[in-house]
file my_file-v2.csv (CSV, C-alpha atoms)
chain,number,residue,atom,x,y,z
A,1,MET,CA,20.8,-9.5,-12.3
A,2,LYS,CA,22.3,-10.4,-9.0
A,3,PRO,CA,21.0,-8.0,-6.3
A,4,PRO,CA,23.4,-5.6,-4.7
A,5,GLU,CA,24.7,-6.8,-1.3
A,6,LEU,CA,22.8,-5.0,1.4
A,7,ASN,CA,23.6,-5.9,5.0
A,8,PRO,CA,20.6,-6.0,7.3
A,9,ILE,CA,20.8,-4.3,10.6
A,10,ASP,CA,19.4,-6.3,13.5
A,11,ALA,CA,16.6,-5.2,15.7
A,12,LEU,CA,17.6,-3.5,18.9
A,13,PRO,CA,18.6,-6.1,21.6
A,14,GLN,CA,16.4,-4.6,24.3
A,15,ASP,CA,13.4,-4.8,22.1
A,16,LYS,CA,13.8,-8.4,20.8
A,17,PRO,CA,11.0,-10.7,21.9
A,18,SER,CA,12.0,-13.8,23.7
A,19,GLY,CA,13.4,-16.3,21.2
A,20,TYR,CA,13.8,-13.6,18.6
A,21,ASN,CA,16.2,-14.8,15.8
A,22,GLY,CA,16.0,-12.0,13.3
A,23,SER,CA,12.5,-12.8,12.1
A,24,PHE,CA,9.1,-12.2,13.4
A,25,ASN,CA,6.8,-15.2,13.0
A,26,ARG,CA,3.2,-15.8,13.9
A,27,ARG,CA,4.0,-17.6,17.2
A,28,THR,CA,6.1,-14.6,18.4
A,29,PHE,CA,3.4,-12.2,17.3
A,30,LEU,CA,0.8,-14.1,19.3
A,31,LYS,CA,3.0,-14.1,22.4
A,32,LEU,CA,3.1,-10.3,22.1
A,33,SER,CA,-0.6,-9.9,21.4
A,34,ALA,CA,-3.1,-8.7,23.9
A,35,GLY,CA,-4.3,-11.2,26.5
A,36,THR,CA,-7.8,-11.3,25.2
A,37,ALA,CA,-10.0,-14.4,25.1
A,38,MET,CA,-9.1,-14.9,21.5
A,39,GLY,CA,-5.5,-13.8,21.9
A,40,LEU,CA,-5.4,-12.6,18.3
A,41,ILE,CA,-5.5,-8.9,18.5
A,42,SER,CA,-2.4,-6.9,17.4
A,43,PRO,CA,-0.9,-4.6,20.1
A,44,LEU,CA,-1.5,-1.8,17.6
A,45,THR,CA,-5.2,-2.2,17.9
A,46,LEU,CA,-5.4,-1.6,21.6
A,47,SER,CA,-5.2,2.1,21.7
A,48,ALA,CA,-4.6,5.2,19.6
A,49,THR,CA,-1.1,5.5,21.0
A,50,GLN,CA,1.5,3.2,22.4
A,51,LYS,CA,4.3,3.7,24.9
A,52,SER,CA,7.8,4.4,23.7
A,53,ASP,CA,10.6,2.0,24.5
A,54,ALA,CA,14.0,3.0,25.8
A,55,GLY,CA,16.2,5.4,23.9
A,56,PHE,CA,17.9,4.4,20.7
A,57,PRO,CA,21.6,3.6,20.4
A,58,HIS,CA,23.5,6.3,18.6
A,59,LYS,CA,23.8,4.2,15.4
A,60,TYR,CA,20.0,4.4,15.0
A,61,GLN,CA,19.8,8.2,15.2
A,62,LYS,CA,20.3,8.4,11.4
A,63,PHE,CA,16.8,6.9,10.9
A,64,ILE,CA,15.1,9.5,13.1
A,65,LYS,CA,13.9,12.6,11.4
A,66,GLU,CA,11.3,15.3,12.3
A,67,ALA,CA,8.0,14.3,10.9
A,68,ARG,CA,5.8,16.5,8.7
A,69,TYR,CA,2.2,17.3,9.2
A,70,TYR,CA,1.7,17.6,12.9
A,71,GLU,CA,0.8,20.4,15.3
A,72,LYS,CA,2.1,21.1,18.8
A,73,LEU,CA,-0.3,21.2,21.6
A,74,GLN,CA,-0.1,22.1,25.3
A,75,HIS,CA,2.0,20.1,27.8
A,76,LYS,CA,4.3,18.7,25.1
A,77,GLN,CA,1.4,16.9,23.4
A,78,ILE,CA,1.2,16.8,19.6
A,79,ARG,CA,-1.6,16.0,17.1
A,80,CYS,CA,-0.6,14.1,14.0
A,81,ASN,CA,-2.2,15.4,10.8
A,82,LEU,CA,-0.9,12.8,8.4
A,83,CYS,CA,-3.7,10.3,8.4
A,84,PRO,CA,-7.4,10.5,9.4
A,85,ARG,CA,-6.8,9.0,12.9
A,86,GLU,CA,-5.3,12.4,14.0
A,87,CYS,CA,-3.6,10.7,17.0
A,88,VAL,CA,-3.1,13.0,19.9
A,89,ILE,CA,0.2,11.9,21.4
A,90,ASP,CA,1.8,12.5,24.8
A,91,ASP,CA,5.6,12.9,25.3
A,92,ARG,CA,7.5,9.7,24.7
A,93,GLU,CA,4.5,8.0,23.2
A,94,ARG,CA,3.8,6.9,19.6
A,95,GLY,CA,0.9,7.1,17.2
A,96,TYR,CA,-1.2,4.1,16.2
A,97,CYS,CA,1.2,3.3,13.3
A,98,GLY,CA,4.0,2.6,15.8
A,99,VAL,CA,6.7,4.4,13.8
A,100,ARG,CA,6.2,8.0,14.8
A,101,GLU,CA,7.2,9.3,18.2
A,102,ASN,CA,6.7,12.4,20.3
A,103,ARG,CA,9.9,13.5,22.0
A,104,GLU,CA,9.6,16.6,24.2
A,105,GLY,CA,6.8,18.0,22.0
A,106,THR,CA,8.5,17.4,18.7
A,107,TYR,CA,7.2,14.6,16.5
A,108,TYR,CA,9.7,12.2,14.7
A,109,THR,CA,9.6,9.4,12.2
A,110,LEU,CA,11.7,6.5,13.3
A,111,VAL,CA,11.9,4.8,9.9
A,112,TYR,CA,13.6,7.3,7.7
A,113,GLY,CA,15.9,5.4,5.3
A,114,ARG,CA,15.1,2.3,7.3
A,115,PRO,CA,13.3,-0.3,5.0
A,116,CYS,CA,12.8,-3.7,6.4
A,117,THR,CA,12.6,-5.3,3.0
A,118,TYR,CA,13.4,-4.7,-0.7
A,119,HIS,CA,12.7,-6.6,-3.9
A,120,THR,CA,12.4,-6.1,-7.6
A,121,ASP,CA,8.9,-6.9,-8.9
A,122,PRO,CA,7.1,-6.7,-12.2
A,123,ILE,CA,4.9,-3.6,-12.2
A,124,GLU,CA,2.0,-6.0,-12.8
A,125,LYS,CA,2.5,-7.5,-9.3
A,126,LYS,CA,1.4,-4.2,-7.7
A,127,PRO,CA,-0.9,-4.5,-9.7
A,128,LEU,CA,-0.6,-1.6,-12.1
A,129,PHE,CA,-1.8,-2.7,-15.5
A,130,HIS,CA,-1.8,0.6,-17.4
A,131,PHE,CA,1.4,2.0,-16.1
A,132,HIS,CA,4.5,1.0,-18.2
A,133,PRO,CA,3.5,-2.6,-18.7
A,134,GLY,CA,6.3,-5.1,-18.5
A,135,SER,CA,8.6,-2.8,-16.5
A,136,MET,CA,10.3,-3.6,-13.2
A,137,ALA,CA,9.8,-1.8,-9.9
A,138,PHE,CA,12.3,-1.7,-7.0
A,139,SER,CA,10.0,-2.2,-4.1
A,140,ILE,CA,10.6,-1.1,-0.5
A,141,ALA,CA,8.7,-1.0,2.8
A,142,THR,CA,9.3,-0.2,6.4
A,143,GLY,CA,7.6,-1.8,9.4
A,144,GLY,CA,4.3,-0.4,10.7
A,145,CYS,CA,0.8,0.5,9.4
A,146,ASN,CA,-2.0,2.8,10.2
A,147,LEU,CA,-4.7,0.1,9.6
A,148,ASN,CA,-5.1,-3.4,11.0
A,149,CYS,CA,-6.7,-5.5,8.2
A,150,LYS,CA,-7.6,-9.0,9.5
A,151,PHE,CA,-6.6,-10.5,6.1
A,152,CYS,CA,-3.2,-8.7,5.8
A,153,GLN,CA,-0.8,-10.9,3.9
A,154,ASN,CA,2.2,-8.9,5.1
A,155,TRP,CA,1.3,-8.7,8.8
A,156,GLN,CA,4.8,-9.8,9.9
A,157,ILE,CA,6.1,-6.4,8.9
A,158,SER,CA,2.9,-4.2,9.0
A,159,GLN,CA,1.9,-5.1,12.5
A,160,VAL,CA,5.3,-4.7,14.3
A,161,SER,CA,7.3,-1.7,15.5
A,162,PRO,CA,10.6,-0.9,13.8
A,163,GLU,CA,12.6,-2.3,16.8
A,164,GLN,CA,11.1,-5.8,16.3
A,165,ILE,CA,12.4,-6.4,12.7
A,166,ARG,CA,15.7,-6.3,10.9
A,167,HIS,CA,16.2,-3.5,8.4
A,168,PHE,CA,18.5,-1.9,5.9
A,169,ASP,CA,20.4,1.4,5.8
A,170,LEU,CA,19.0,2.9,2.6
A,171,PRO,CA,18.6,6.7,2.7
A,172,PRO,CA,16.7,8.2,-0.3
A,173,PRO,CA,19.8,8.7,-2.6
A,174,LYS,CA,21.1,5.2,-1.9
A,175,THR,CA,17.6,3.8,-2.5
A,176,ALA,CA,17.4,5.4,-5.9
A,177,ASP,CA,21.0,4.4,-6.8
A,178,THR,CA,20.2,0.8,-5.8
A,179,ALA,CA,17.0,0.8,-7.9
A,180,ASN,CA,19.1,1.9,-10.9
A,181,GLN,CA,21.5,-1.0,-10.2
A,182,PHE,CA,18.5,-3.3,-10.5
A,183,ASN,CA,17.6,-1.7,-13.9
A,184,ALA,CA,14.2,-0.8,-12.5
A,185,LEU,CA,12.1,1.8,-14.2
A,186,SER,CA,10.4,2.8,-11.0
A,187,ILE,CA,10.5,2.7,-7.2
A,188,ALA,CA,7.5,1.2,-5.5
A,189,TYR,CA,6.5,2.0,-2.0
A,190,THR,CA,4.6,-1.1,-1.0
A,191,TYR,CA,4.2,-4.3,1.1
A,192,SER,CA,3.2,-2.3,4.3
A,193,GLU,CA,1.6,1.2,4.2
A,194,PRO,CA,3.7,3.9,2.6
A,195,VAL,CA,1.7,6.7,4.4
A,196,ILE,CA,3.4,5.8,7.6
A,197,PHE,CA,6.9,6.3,6.1
A,198,TYR,CA,5.8,9.4,4.2
A,199,GLU,CA,8.9,11.5,4.8
A,200,TYR,CA,11.2,8.7,3.5
A,201,MET,CA,8.9,8.1,0.5
A,202,TYR,CA,8.6,11.7,-0.4
A,203,ASP,CA,12.4,12.3,-0.4
A,204,THR,CA,13.0,9.1,-2.3
A,205,VAL,CA,10.5,10.1,-5.0
A,206,ILE,CA,12.5,13.3,-5.5
A,207,ALA,CA,15.9,11.5,-5.4
A,208,GLY,CA,14.5,9.0,-7.9
A,209,HIS,CA,13.3,11.6,-10.3
A,210,GLU,CA,16.8,13.2,-10.2
A,211,ARG,CA,18.1,9.9,-11.4
A,212,GLY,CA,15.5,9.3,-14.1
A,213,LEU,CA,13.3,6.9,-12.0
A,214,LYS,CA,9.6,7.0,-11.6
A,215,SER,CA,7.8,6.3,-8.4
A,216,VAL,CA,4.5,4.5,-7.6
A,217,MET,CA,2.7,4.3,-4.3
A,218,ILE,CA,0.8,1.1,-3.3
A,219,THR,CA,-1.5,2.2,-0.5
A,220,ALA,CA,-4.8,1.8,1.3
A,221,GLY,CA,-5.4,5.5,0.8
A,222,TYR,CA,-5.8,6.3,4.5
A,223,ILE,CA,-4.2,9.7,4.3
A,224,LYS,CA,-5.4,13.3,4.8
A,225,GLU,CA,-5.8,15.8,2.0
A,226,LYS,CA,-2.8,18.1,2.5
A,227,PRO,CA,-0.1,15.5,2.6
A,228,LEU,CA,-1.7,13.7,-0.3
A,229,ILE,CA,-1.9,16.8,-2.5
A,230,ASP,CA,1.8,17.5,-1.7
A,231,LEU,CA,2.7,14.0,-2.7
A,232,CYS,CA,0.6,14.0,-5.8
A,233,ALA,CA,2.7,16.9,-7.2
A,234,HIS,CA,5.6,14.4,-7.5
A,235,ILE,CA,4.3,10.8,-7.5
A,236,ASP,CA,3.8,9.1,-10.9
A,237,ALA,CA,1.1,6.6,-10.1
A,238,ILE,CA,-1.0,5.3,-7.2
A,239,LYS,CA,-2.7,2.0,-6.7
A,240,VAL,CA,-5.3,2.1,-3.9
A,241,ASP,CA,-6.6,-1.0,-2.1
A,242,LEU,CA,-10.2,-0.1,-1.6
A,243,LYS,CA,-11.2,-2.7,1.0
A,244,ALA,CA,-14.9,-2.6,0.6
A,245,PHE,CA,-17.7,-0.2,-0.1
A,246,SER,CA,-19.1,-0.4,3.4
A,247,GLN,CA,-18.4,1.5,6.6
A,248,LYS,CA,-19.3,-1.6,8.6
A,249,TYR,CA,-16.6,-3.6,6.9
A,250,TYR,CA,-14.0,-0.9,7.4
A,251,ARG,CA,-14.9,-0.7,11.1
A,252,ASP,CA,-15.0,-4.4,11.8
A,253,VAL,CA,-12.3,-5.8,9.4
A,254,VAL,CA,-10.0,-3.0,8.7
A,255,ASN,CA,-10.2,-0.9,11.9
A,256,GLY,CA,-10.6,2.3,9.9
A,257,ASP,CA,-13.2,4.4,8.0
A,258,LEU,CA,-14.4,4.3,4.4
A,259,GLN,CA,-15.1,8.0,3.7
A,260,PRO,CA,-11.4,9.2,4.1
A,261,VAL,CA,-10.4,6.6,1.4
A,262,LEU,CA,-13.1,7.8,-1.0
A,263,ASP,CA,-12.1,11.4,-0.4
A,264,ALA,CA,-8.4,10.4,-1.1
A,265,LEU,CA,-9.4,8.8,-4.4
A,266,ILE,CA,-11.3,11.9,-5.4
A,267,THR,CA,-8.2,14.0,-4.5
A,268,MET,CA,-6.0,11.8,-6.6
A,269,HIS,CA,-8.4,12.2,-9.6
A,270,LYS,CA,-8.5,15.9,-9.2
A,271,GLN,CA,-4.7,16.0,-9.1
A,272,ASN,CA,-4.5,14.1,-12.3
A,273,VAL,CA,-2.4,11.2,-10.8
A,274,TRP,CA,-2.7,7.9,-12.6
A,275,THR,CA,-4.7,5.7,-10.3
A,276,GLU,CA,-5.8,2.1,-10.3
A,277,ILE,CA,-8.1,0.4,-7.7
A,278,VAL,CA,-7.8,-3.1,-6.2
A,279,TYR,CA,-10.9,-4.6,-4.5
A,280,LEU,CA,-10.1,-7.8,-2.6
A,281,VAL,CA,-13.2,-9.8,-2.8
A,282,VAL,CA,-13.7,-11.7,0.5
A,283,PRO,CA,-16.5,-14.3,0.3
A,284,THR,CA,-19.7,-13.4,2.2
A,285,MET,CA,-18.0,-10.2,3.5
A,286,ASN,CA,-17.9,-7.6,0.7
A,287,ASP,CA,-19.1,-9.5,-2.4
A,288,GLY,CA,-22.8,-8.6,-2.3
A,289,GLU,CA,-24.4,-7.5,-5.6
A,290,LYS,CA,-25.7,-4.2,-4.2
A,291,GLU,CA,-22.3,-3.3,-2.8
A,292,ILE,CA,-20.4,-4.1,-6.0
A,293,ARG,CA,-23.0,-2.2,-8.1
A,294,ALA,CA,-22.9,0.8,-5.8
A,295,LEU,CA,-19.1,0.7,-5.9
A,296,SER,CA,-19.0,0.6,-9.7
A,297,ARG,CA,-21.5,3.5,-9.9
A,298,TRP,CA,-19.5,5.6,-7.5
A,299,ILE,CA,-16.2,5.0,-9.4
A,300,LYS,CA,-17.8,6.0,-12.7
A,301,GLU,CA,-19.4,9.2,-11.2
A,302,TYR,CA,-16.5,10.5,-9.2
A,303,LEU,CA,-13.4,9.0,-11.0
A,304,GLY,CA,-14.6,8.3,-14.5
A,305,ASP,CA,-15.0,5.1,-16.6
A,306,ASN,CA,-11.3,4.7,-17.4
A,307,VAL,CA,-10.0,3.9,-14.0
A,308,PRO,CA,-8.8,0.3,-14.0
A,309,VAL,CA,-10.5,-1.8,-11.3
A,310,HIS,CA,-9.1,-5.2,-10.2
A,311,PHE,CA,-11.4,-7.6,-8.5
A,312,THR,CA,-8.8,-9.8,-6.7
A,313,ARG,CA,-9.1,-13.3,-5.2
A,314,PHE,CA,-8.9,-13.6,-1.5
A,315,HIS,CA,-6.8,-16.3,0.1
A,316,PRO,CA,-7.0,-17.1,3.9
A,317,GLN,CA,-4.4,-15.0,5.8
A,318,TYR,CA,-3.5,-13.7,9.2
A,319,LEU,CA,-6.7,-13.5,11.3
A,320,MET,CA,-9.1,-14.5,8.6
A,321,LYS,CA,-8.4,-18.2,8.0
A,322,ASN,CA,-12.0,-19.3,8.5
A,323,LEU,CA,-13.1,-18.4,5.0
A,324,PRO,CA,-12.3,-20.2,1.7
A,325,PRO,CA,-10.6,-18.6,-1.3
A,326,THR,CA,-12.9,-16.5,-3.4
A,327,PRO,CA,-14.7,-18.6,-6.0
A,328,VAL,CA,-13.8,-17.6,-9.5
A,329,SER,CA,-17.5,-17.4,-10.3
A,330,THR,CA,-17.8,-14.6,-7.6
A,331,LEU,CA,-15.0,-12.6,-9.2
A,332,GLU,CA,-16.6,-13.1,-12.6
A,333,ARG,CA,-19.9,-11.8,-11.2
A,334,CYS,CA,-18.2,-8.7,-9.8
A,335,LYS,CA,-16.6,-8.0,-13.1
A,336,SER,CA,-19.9,-8.5,-15.0
A,337,ILE,CA,-21.6,-6.0,-12.7
A,338,ALA,CA,-18.8,-3.4,-13.1
A,339,ASP,CA,-18.8,-3.9,-16.9
A,340,SER,CA,-22.6,-3.4,-17.0
A,341,GLU,CA,-22.2,-0.1,-15.1
A,342,GLY,CA,-19.9,1.2,-17.8
A,343,LEU,CA,-16.4,0.8,-16.4
A,344,ASN,CA,-14.0,0.2,-19.3
A,345,PHE,CA,-11.1,-1.7,-17.7
A,346,VAL,CA,-12.2,-4.3,-15.2
A,347,PHE,CA,-9.8,-7.1,-14.3
A,348,ILE,CA,-9.8,-10.3,-12.3
A,349,GLY,CA,-6.7,-10.7,-10.1
A,350,ASN,CA,-5.0,-13.7,-8.5
A,351,VAL,CA,-6.3,-16.1,-11.1
A,352,PRO,CA,-3.4,-16.6,-13.5
A,353,GLY,CA,-4.5,-17.5,-17.0
A,354,HIS,CA,-8.0,-16.0,-16.7
A,355,PRO,CA,-9.1,-14.0,-19.8
A,356,ALA,CA,-10.0,-11.0,-17.5
A,357,GLU,CA,-6.2,-10.5,-16.9
A,358,HIS,CA,-6.0,-8.9,-20.3
A,359,THR,CA,-6.6,-5.4,-21.5
A,360,TYR,CA,-9.2,-5.1,-24.3
A,361,CYS,CA,-10.2,-2.1,-26.4
A,362,PRO,CA,-13.4,-0.7,-24.9
A,363,SER,CA,-14.5,0.4,-28.4
A,364,CYS,CA,-13.9,-2.6,-30.6
A,365,GLY,CA,-13.0,-5.4,-28.2
A,366,THR,CA,-9.5,-6.1,-29.6
A,367,LEU,CA,-7.1,-7.8,-27.3
A,368,LEU,CA,-4.4,-5.2,-26.7
A,369,ILE,CA,-2.3,-6.4,-23.8
A,370,GLU,CA,-2.2,-10.1,-23.1
A,371,ARG,CA,-1.0,-11.2,-19.6
A,372,ILE,CA,-0.5,-14.4,-17.6
A,373,GLY,CA,0.1,-13.8,-14.0
A,374,PHE,CA,2.7,-11.0,-13.8
A,375,THR,CA,4.1,-11.6,-17.3
A,376,ILE,CA,3.2,-9.6,-20.5
A,377,ARG,CA,2.8,-12.1,-23.4
A,378,SER,CA,2.0,-9.6,-26.0
A,379,ASN,CA,1.3,-5.8,-26.4
A,380,HIS,CA,-0.6,-4.6,-29.4
A,381,LEU,CA,-1.0,-1.0,-28.5
A,382,ASN,CA,0.0,1.6,-31.1
A,383,GLN,CA,1.6,4.0,-28.6
A,384,ASN,CA,-1.5,5.0,-26.6
A,385,GLN,CA,-4.1,3.8,-29.1
A,386,CYS,CA,-5.9,0.6,-30.2
A,387,SER,CA,-4.0,-0.9,-33.1
A,388,GLN,CA,-7.3,-1.8,-34.8
A,389,CYS,CA,-9.7,1.1,-34.4
A,390,GLY,CA,-7.5,3.9,-33.1
A,391,GLN,CA,-9.4,4.3,-29.8
A,392,GLU,CA,-7.2,6.1,-27.2
A,393,ILE,CA,-6.5,3.8,-24.3
A,394,ALA,CA,-6.2,5.5,-20.9
A,395,GLY,CA,-2.9,4.8,-19.1
A,396,ILE,CA,0.8,5.8,-18.9
A,397,TRP,CA,2.6,4.0,-21.6
A,398,PHE,CA,6.2,3.9,-23.0

call {"tool": "encode", "arguments": {"input": "my_file-v2.csv", "output": "structure tokens"}}
result
Amino acid sequence: MKPPELNPIDALPQDKPSGYNGSFNRRTFLKLSAGTAMGLISPLTLSATQKSDAGFPHKYQKFIKEARYYEKLQHKQIRCNLCPRECVIDDRERGYCGVRENREGTYYTLVYGRPCTYHTDPIEKKPLFHFHPGSMAFSIATGGCNLNCKFCQNWQISQVSPEQIRHFDLPPPKTADTANQFNALSIAYTYSEPVIFYEYMYDTVIAGHERGLKSVMITAGYIKEKPLIDLCAHIDAIKVDLKAFSQKYYRDVVNGDLQPVLDALITMHKQNVWTEIVYLVVPTMNDGEKEIRALSRWIKEYLGDNVPVHFTRFHPQYLMKNLPPTPVSTLERCKSIADSEGLNFVFIGNVPGHPAEHTYCPSCGTLLIERIGFTIRSNHLNQNQCSQCGQEIAGIWF
């Protein structure tokens, strides 16, 4: 169907980079980057906080809402308790994510109801393979992120502040109503990092449920326990991008830490939220046999053998253009290791037409859900069971 007409709101004039034309391309990004020898480091990587710009015009006040999960400190400082960074922020400064600001000792989100993009996607694109296959998700994102992955495919929105990008006026009720106009089954919080627009996401989940819509979070899982547990009480499914099973990789490539992500996955499991894992396999970086085997064993021990795991093909992006796309043979080796460690649903992603895109019965091997890319070609499930042997298949089905 034709999308509803949503008028974008320009970035603030005083914050537009030189030559800004409503978009934020790589050249503009590099001009704004730190003056290092390489000249390729995002401004968000330079410190835990960043200075605030001038005050917002009145028309932008609607997007500013007091943040959750922070504590007030002395001298108008605050400590953010949303993600593991725990930024300590002075008055008129922002956290690492660039979208949360301390104003006179009160912490605010600057992107409430302020998505910079929206689109309707197949749920398989997220990817969520065992969550209402074949359904559509109304996908939204704001600018900003609390990580800085060197391979980010959406860096044009994740590595900018909200003033540097156009956006839409979509408060939670309007977001849910728009999703219904698209005939979507769910709302997906995706593209950038939903943790940083937590308040907007949380209220939209509630508004969506009131209108019969489900919600799914597509995240790197870099979030503290309390906000995650509160969200798990309402969210319908979560897909986690587990970047590697190595602290060194998280430190050098992601600018984060591994353990908080593992802790978040365990919390999701304990809260009985349907969870799937994507592991982007980057050649020579996180594809070693020992690492993949350790990852597979950890998943089975702490999350169980029914969690879908997607080994996904890397393509050169952003700051990692020196490596080739992942060889299909490497993905097949990762899948073989995970299969041998007893994981029941292991997929290969970003290789359309590969047999490992399909869901098979772990008991009798019957092809149950046949996919090509983001399209379901056939579904032979009998409700939640294998149509041949009756084995219950883990997932959330129609």

call {"tool": "residues_around", "arguments": {"input": "my_file-v2.csv", "residues": "A:Arg79", "least_positions_apart": "4", "cutoff": "9 Å", "atoms": "all atoms listed in the file", "output": "PyMOL selection string"}}
result
chain A and resi 69-73+86-89+107

call {"tool": "residues_around", "arguments": {"input": "my_file-v2.csv", "residues": "A:Lys335", "least_positions_apart": "5", "cutoff": "8 Å", "atoms": "all atoms listed in the file", "output": "PyMOL selection string"}}
result
chain A and resi 311+346-348

call {"tool": "residues_around", "arguments": {"input": "my_file-v2.csv", "residues": "A:Arg293", "least_positions_apart": "2", "cutoff": "12 Å", "atoms": "only C-alpha atoms", "output": "VMD selection string"}}
result
chain A and resid 244 to 245 286 to 291 295 to 300 333 to 343

call {"tool": "write_last_selection", "arguments": {"input": "my_file-v2.csv", "atoms": "C-alpha atoms", "output": "tab-separated table (two decimals), keeping the file's coordinate frame"}}
result
chain	number	residue	atom	x	y	z
A	244	ALA	CA	-14.90	-2.60	0.60
A	245	PHE	CA	-17.70	-0.20	-0.10
A	286	ASN	CA	-17.90	-7.60	0.70
A	287	ASP	CA	-19.10	-9.50	-2.40
A	288	GLY	CA	-22.80	-8.60	-2.30
A	289	GLU	CA	-24.40	-7.50	-5.60
A	290	LYS	CA	-25.70	-4.20	-4.20
A	291	GLU	CA	-22.30	-3.30	-2.80
A	295	LEU	CA	-19.10	0.70	-5.90
A	296	SER	CA	-19.00	0.60	-9.70
A	297	ARG	CA	-21.50	3.50	-9.90
A	298	TRP	CA	-19.50	5.60	-7.50
A	299	ILE	CA	-16.20	5.00	-9.40
A	300	LYS	CA	-17.80	6.00	-12.70
A	333	ARG	CA	-19.90	-11.80	-11.20
A	334	CYS	CA	-18.20	-8.70	-9.80
A	335	LYS	CA	-16.60	-8.00	-13.10
A	336	SER	CA	-19.90	-8.50	-15.00
A	337	ILE	CA	-21.60	-6.00	-12.70
A	338	ALA	CA	-18.80	-3.40	-13.10
A	339	ASP	CA	-18.80	-3.90	-16.90
A	340	SER	CA	-22.60	-3.40	-17.00
A	341	GLU	CA	-22.20	-0.10	-15.10
A	342	GLY	CA	-19.90	1.20	-17.80
A	343	LEU	CA	-16.40	0.80	-16.40

call {"tool": "atom_distance", "arguments": {"input": "my_file-v2.csv", "atom1": "atom CA of A:Asn148", "atom2": "atom CA of A:Lys62"}}
result
28.0 Å

call {"tool": "atom_distance", "arguments": {"input": "my_file-v2.csv", "atom1": "atom CA of A:Ser192", "atom2": "atom CA of A:Ser158"}}
result
5.1 Å

call {"tool": "closest_residue", "arguments": {"input": "my_file-v2.csv", "among": "A:Val253, A:Met268, A:Ile9, A:Met201", "to": "A:Gly221", "atoms": "only C-alpha atoms"}}
result
A:Met268

call {"tool": "atom_distance", "arguments": {"input": "my_file-v2.csv", "atom1": "atom CA of A:Asp177", "atom2": "atom CA of A:Arg100"}}
result
26.4 Å

call {"tool": "closest_residue", "arguments": {"input": "my_file-v2.csv", "among": "A:Cys232, A:Ile376, A:Ala179, A:Leu170", "to": "A:Gly208", "atoms": "all atoms listed in the file"}}
result
A:Ala179

call {"tool": "closest_residue", "arguments": {"input": "my_file-v2.csv", "among": "A:Ser387, A:Leu110, A:Phe129, A:Gly256", "to": "A:Cys364", "atoms": "all atoms listed in the file"}}
result
A:Ser387

call {"tool": "residues_around", "arguments": {"input": "my_file-v2.csv", "residues": "A:Asn154", "least_positions_apart": "3", "cutoff": "12 Å", "atoms": "all atoms listed in the file", "output": "JSON, numbers by chain"}}
result
{"A": [24, 25, 26, 116, 117, 141, 142, 143, 144, 145, 148, 149, 150, 151, 157, 158, 159, 160, 190, 191, 192, 193, 317, 318, 319]}

call {"tool": "write_last_selection", "arguments": {"input": "my_file-v2.csv", "atoms": "C-alpha atoms", "output": "short mmCIF file (atom, residue, chain, number, x, y, z; two decimals), keeping the file's coordinate frame"}}
result
data_model
loop_
_atom_site.label_atom_id
_atom_site.label_comp_id
_atom_site.auth_asym_id
_atom_site.auth_seq_id
_atom_site.Cartn_x
_atom_site.Cartn_y
_atom_site.Cartn_z
CA PHE A 24 9.10 -12.20 13.40
CA ASN A 25 6.80 -15.20 13.00
CA ARG A 26 3.20 -15.80 13.90
CA CYS A 116 12.80 -3.70 6.40
CA THR A 117 12.60 -5.30 3.00
CA ALA A 141 8.70 -1.00 2.80
CA THR A 142 9.30 -0.20 6.40
CA GLY A 143 7.60 -1.80 9.40
CA GLY A 144 4.30 -0.40 10.70
CA CYS A 145 0.80 0.50 9.40
CA ASN A 148 -5.10 -3.40 11.00
CA CYS A 149 -6.70 -5.50 8.20
CA LYS A 150 -7.60 -9.00 9.50
CA PHE A 151 -6.60 -10.50 6.10
CA ILE A 157 6.10 -6.40 8.90
CA SER A 158 2.90 -4.20 9.00
CA GLN A 159 1.90 -5.10 12.50
CA VAL A 160 5.30 -4.70 14.30
CA THR A 190 4.60 -1.10 -1.00
CA TYR A 191 4.20 -4.30 1.10
CA SER A 192 3.20 -2.30 4.30
CA GLU A 193 1.60 1.20 4.20
CA GLN A 317 -4.40 -15.00 5.80
CA TYR A 318 -3.50 -13.70 9.20
CA LEU A 319 -6.70 -13.50 11.30
#

call {"tool": "closest_residue", "arguments": {"input": "my_file-v2.csv", "among": "A:Ala137, A:Leu82, A:Ile196, A:Ile238", "to": "A:Tyr112", "atoms": "all atoms listed in the file"}}
result
A:Ile196

call {"tool": "closest_residue", "arguments": {"input": "my_file-v2.csv", "among": "A:Val351, A:Ala294, A:Leu242, A:Ala188", "to": "A:Pro260", "atoms": "all atoms listed in the file"}}
result
A:Leu242

call {"tool": "residues_around", "arguments": {"input": "my_file-v2.csv", "residues": "A:Asn180", "least_positions_apart": "3", "cutoff": "9 Å", "atoms": "all atoms listed in the file", "output": "list in words"}}
result
Phe138, Thr175, Ala176, Asp177, Asn183, Ala184, Leu185, Ser186, Gly208, Arg211, Gly212 and Leu213 of chain A

call {"tool": "closest_residue", "arguments": {"input": "my_file-v2.csv", "among": "A:His130, A:Ile292, A:Thr284, A:Pro316", "to": "A:Ile393", "atoms": "all atoms listed in the file"}}
result
A:His130

call {"tool": "decode", "arguments": {"input": "my_file-v2.csv", "residues": "stretch 279-287 of chain A", "atoms": "C-alpha atoms", "output": "tab-separated table (two decimals), in the first residue's frame"}}
result
chain	number	residue	atom	x	y	z
A	279	TYR	CA	26.46	-12.96	14.75
A	280	LEU	CA	28.03	-10.93	11.95
A	281	VAL	CA	30.99	-13.02	10.83
A	282	VAL	CA	33.87	-10.68	9.92
A	283	PRO	CA	36.73	-12.46	8.12
A	284	THR	CA	39.87	-12.91	10.29
A	285	MET	CA	38.29	-10.84	13.09
A	286	ASN	CA	35.72	-13.02	14.89
A	287	ASP	CA	35.52	-16.21	12.83
